[in-house]
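Okay, so here's the structure we're looking at.
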Amino acid sequence: MEFLGNTWNAFAAIFTVTPGWMTFGGWVAAGLTICLFSFLYKDNPFFKVAEHLYLGAGMGWLFQVYLFQTWKPKVFLPLMEGQYSVLIPALLGLSLVTQFFPRISWVSRYGFTFIMGYGSGLVIPLTISTDFLKQIGGTIAPFMVSEINSGNIISLLNGTFVAFGFICVLFYFFFSVEHKGAVKKASNIGIYFLMLYFGAAFGNTVMGRFSLLYGRFDDLYKYSAPEYFYATHVVLGLLVAYFILDKLVLSRRGGGQEAH
Amino acid sequence: MKRPPIIPLILPFLFLTSPSSAAKPSPLPPLTGFTAADMPGDAGGAALLRWDSPGEAAEGATIEVYASDTAKPGWVKIAEFPASAHPEKDMDLPFWAWRPAPGRHALAADTSSAFGRPDEAQEIEFKLRLVKGAASVETGPARAVIGGNWFNVSRFNNLVLMLTIIIVFFWTVSHAKRKGLFIRRIAGLDAIDEAIGRATEMGRPIFYSTGIGPMSLVPTIASTSILGEVARKVAQYDTSLKVPHFDPIVMTVCKEVVKQSYLEMERPDSYRDDINFFVSQDQFSFAASVDAMIHREKPAACFFIGHFMAESLLLAEVGATTGAIQIAGTEQESQLPFFFTSCDYTLIGEELYAAGAYLSKDPMLMSTLKVQDFGKAFVMLAVVTGSVLLAAGAVFGWEPLMKIVGQLFKAY
């Protein structure tokens, strides 16, 4: 037992964060980032390595999350405390695994039926609350003023404009009515309102994506420092060299084929 | 003449005029009518405290609320507010669930931050302390057994609306079966045939992604319904279909859906179990992997229909670079602009829900579209009526009318 403990401690000591490991981490981060970005040029073996590593690491991470944040606190620990009622959802969940065994795969339908029923039951009242009541309440809210005066007239006009746009957008989503005449006009105005919104949403999301990109660039800049032995520069240089070499070999092969 | 002893004469006077608090009445009025009860219609962790208004005498004073779990006694201050705050008429409950009494105050006191929210009911004692400067008065303790409730009466408007929708649904189902229903053209859905035909002619696969939503999301359910229709056509033309998945449960449901479609088209021999396959449950590794597959296999058509988040542009952009015809649809309005820019056809929100009915022409599904339209008509009518009534209430000073309209359309 003592031997096992010592072995484990020795193993864990290898992964203690040291400056050496930090540098190694910098190389891995810069390398994987550049390998993934290389897809912007074209598909290549480095991207494939990074892609599969990312996929595997993602699944490994999620497995431990499910194990320690779902299975342990919600199934294992309650069972240890004698709460056997958790067996019902646990068995329903396990029934899904029977999909792997064709003879008893029908058992999984109990689990799926429960999931579908539970999902619908949860979503329907929520949809009524959010799609109907909150939508109506939010649209008429600007009109809930104690009096109409010069101070709130702009807000009321704004509320009227929003309500008008909202109604026009709804006309666009009428499916059982043919879009012609007044309905078509209202629906066309609705499309303009939709496009205005989508334009704003597009700009907002693009700004968010750029901030993510800056984050990666910031990291690449950090790993290009001397304490990381110029990881970014080296990896980038190696990748560029690979692409030049690849291009040269390909063009030579292509030339050879033409000669034939 | 002997002088009378002065000290015995002064002593009683001094005693009567001493600043002893026991003898002097408190400058604060007592808090009366204090009661505690379980907060109705909640998930537990809150109590309804009510007391009489302390009146103008308590102006500038504050009320401190103390609670003690009877299982582990010990007073904990859980709230503090001005004495004039929380009149019963300001309680955030609708008129059908709450009758405010004049001259009374009420507070929905949150106990979950102090004592948690256990599954079982908790017995908790409460007391109020009225404080102004150094002076204070306290109520006697009041006990309440608090816990979760089965019904939330505040959401009665929700129930009425749902029952109305159910009634309208059954009426439209019978109407659709008898007379049929009209559905306007949806370009994105008409293009499905074109996309599958193109894939068949080119001999390339079709990629179909249901997104990253779980099975409980409506767009995912709608997407499985569209997948069924796509699979029927794919089976008919004997084209190759690939459905990468983010969620294993969605994958299993989709397997059944696709298998059923192949059976209905009498092509069980063409069905393969690996049409649906699991990729990853990590958002961006899923996107990276599907991107790589699309890039390498160069599909003729890509369908991105369901719940998509940040991976929407990553997927659609790569699909566009391969020259595939792309049809997308999501309810996520923040992702729709990305689909607009990189896909040939985009289903916007509700169109996605209409797709199942549009493609199958099944009377049951068609009637759901009609119900949706009735819902939209109701919302439009409610917005117009509500706005007019509220504006009229503001002009003529009809406060009760405004309150009723506001509460009728509030999601509690």
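Identifiers for the structure tokens are assigned positionally: chains receive A, B, ... in sequence, residues are indexed from 1 per chain, and ligands are indexed from 1 in the order shown.
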Excluding A:Glu178 and any residue of its chain fewer than 3 positions from it, enumerate the residues within 9 Å of it, using only C-alpha atoms, and give them as a PyMOL selection string.
(chain A and resi 174-175+183-184) or (chain B and resi 182-185)
Can you spit out the residues from that selection as a PDB file, in the first residue's frame, using N, CA and C atoms?
```
ATOM      1  N   PHE A 174     -47.337  34.511 -40.815  1.00  0.00           N
ATOM      2  CA  PHE A 174     -48.638  33.861 -41.005  1.00  0.00           C
ATOM      3  C   PHE A 174     -48.502  32.851 -42.140  1.00  0.00           C
ATOM      4  N   PHE A 175     -48.781  31.594 -41.836  1.00  0.00           N
ATOM      5  CA  PHE A 175     -48.589  30.552 -42.851  1.00  0.00           C
ATOM      6  C   PHE A 175     -49.889  30.133 -43.527  1.00  0.00           C
ATOM      7  N   VAL A 183     -52.076  42.104 -46.398  1.00  0.00           N
ATOM      8  CA  VAL A 183     -51.218  41.174 -45.652  1.00  0.00           C
ATOM      9  C   VAL A 183     -49.808  41.199 -46.228  1.00  0.00           C
ATOM     10  N   LYS A 184     -49.722  41.236 -47.551  1.00  0.00           N
ATOM     11  CA  LYS A 184     -48.400  41.252 -48.193  1.00  0.00           C
ATOM     12  C   LYS A 184     -47.644  42.538 -47.849  1.00  0.00           C
TER      13      LYS A 184
ATOM     14  N   PHE B 182     -54.805  25.708 -46.088  1.00  0.00           N
ATOM     15  CA  PHE B 182     -53.869  26.334 -47.023  1.00  0.00           C
ATOM     16  C   PHE B 182     -52.563  26.653 -46.289  1.00  0.00           C
ATOM     17  N   ILE B 183     -51.436  26.432 -46.947  1.00  0.00           N
ATOM     18  CA  ILE B 183     -50.150  26.873 -46.390  1.00  0.00           C
ATOM     19  C   ILE B 183     -49.434  27.671 -47.458  1.00  0.00           C
ATOM     20  N   ARG B 184     -48.948  28.839 -47.080  1.00  0.00           N
ATOM     21  CA  ARG B 184     -48.232  29.671 -48.056  1.00  0.00           C
ATOM     22  C   ARG B 184     -46.889  29.025 -48.398  1.00  0.00           C
ATOM     23  N   ARG B 185     -46.323  29.471 -49.506  1.00  0.00           N
ATOM     24  CA  ARG B 185     -45.068  28.902 -49.978  1.00  0.00           C
ATOM     25  C   ARG B 185     -43.922  29.300 -49.046  1.00  0.00           C
TER      26      ARG B 185
END
```
Counting only C-alpha atoms, which residues of chain B fall within 6 Å of chain A, and what is the closest atom pair for each with its distance in Å at one decimal, ordered by chain and rising number, as a Markdown table?
```
| residue | atom | partner | partner_atom | distance |
| --- | --- | --- | --- | --- |
| B:Phe182 | CA | A:Ser176 | CA | 5.2 |
| B:Ile183 | CA | A:Ser176 | CA | 4.6 |
| B:Arg184 | CA | A:Phe175 | CA | 5.3 |
| B:Ser216 | CA | A:Gly119 | CA | 4.2 |
| B:Asp282 | CA | A:Gly58 | CA | 5.6 |
| B:Ser285 | CA | A:Leu55 | CA | 5.0 |
| B:Ser334 | CA | A:Ala201 | CA | 5.5 |
| B:Pro337 | CA | A:Phe198 | CA | 5.5 |
| B:Asp373 | CA | A:Phe174 | CA | 5.7 |
| B:Met380 | CA | A:Ile167 | CA | 5.9 |
| B:Val383 | CA | A:Ile136 | CA | 5.7 |
| B:Ser387 | CA | A:Ile140 | CA | 5.3 |
| B:Leu390 | CA | A:Phe143 | CA | 5.6 |
| B:Ala391 | CA | A:Phe143 | CA | 5.7 |
| B:Ala394 | CA | A:Glu147 | CA | 4.5 |
| B:Val395 | CA | A:Glu147 | CA | 5.9 |
| B:Phe409 | CA | A:Leu133 | CA | 5.1 |
| B:Lys410 | CA | A:Gly137 | CA | 5.5 |
| B:Ala411 | CA | A:Leu133 | CA | 5.4 |
```
Give me the residues near B:Lys242 as an MDAnalysis selection string, where near means some atom within 8 Å (using only C-alpha atoms) and where sequence neighbours in that chain fewer than 4 positions away do not count.
chainID B and resid 205:208 274:277
For B:Arg198: contacts at 9 Å, only C-alpha atoms, fewer than 6 positions along chain excluded, given as an mmCIF file with N, CA, C and O atoms, in the first residue's frame:
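See part-v6.cif below for the written result:
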```
data_model
loop_
_atom_site.group_PDB
_atom_site.id
_atom_site.type_symbol
_atom_site.label_atom_id
_atom_site.label_comp_id
_atom_site.auth_asym_id
_atom_site.auth_seq_id
_atom_site.Cartn_x
_atom_site.Cartn_y
_atom_site.Cartn_z
ATOM 1 N N ARG B 204 -22.729 12.913 -54.741
ATOM 2 C CA ARG B 204 -22.042 13.316 -53.514
ATOM 3 C C ARG B 204 -22.998 13.205 -52.323
ATOM 4 O O ARG B 204 -24.216 13.216 -52.505
ATOM 5 N N ALA B 300 -22.783 17.675 -51.627
ATOM 6 C CA ALA B 300 -23.508 18.492 -52.608
ATOM 7 C C ALA B 300 -24.528 19.382 -51.913
ATOM 8 O O ALA B 300 -24.910 20.417 -52.446
ATOM 9 N N ALA B 301 -24.974 18.952 -50.744
ATOM 10 C CA ALA B 301 -25.968 19.742 -50.013
ATOM 11 C C ALA B 301 -25.724 19.640 -48.521
ATOM 12 O O ALA B 301 -25.358 18.578 -48.019
ATOM 13 N N ILE B 325 -24.987 23.319 -51.863
ATOM 14 C CA ILE B 325 -26.225 24.091 -51.703
ATOM 15 C C ILE B 325 -26.599 23.957 -50.220
ATOM 16 O O ILE B 325 -26.586 22.852 -49.669
#
```
Can you list, as a PyMOL selection string, every residue of stretch 130-225 of chain A that DSSP puts in alpha helix (DSSP H)?
chain A and resi 135-140+153-172+182-222
So which residues of stretch 274-388 of chain B fall under strand (DSSP E or B) by DSSP, listed as a PyMOL selection string?
chain B and resi 276-278+301-307+325-330+345-348
Nearby residues (only C-alpha atoms) at most 10 Å from B:Glu266, same-chain spacing under 6 positions excluded, as a ChimeraX atom specification:
/B:232,235-236,260
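Taking only C-alpha atoms into account, B:Lys376 lies nearest to A:Val169 out of the set A:Val169, A:Val17, A:Ala186, A:Val249.
When only C-alpha atoms are used to measure the gap to B:Gly356, the shortest distance among B:Val243, B:Met309, B:Leu389, B:Ile226 belongs to B:Ile226.
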Shell around A:Phe76 at 12 Å using only C-alpha atoms, local window under 5 positions removed, as a VMD selection string:
chain A and resid 67 to 71 81 to 87 90
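In this structure, atom CA of B:Gly103 sits 13.7 Å away from atom CA of B:Ala58.
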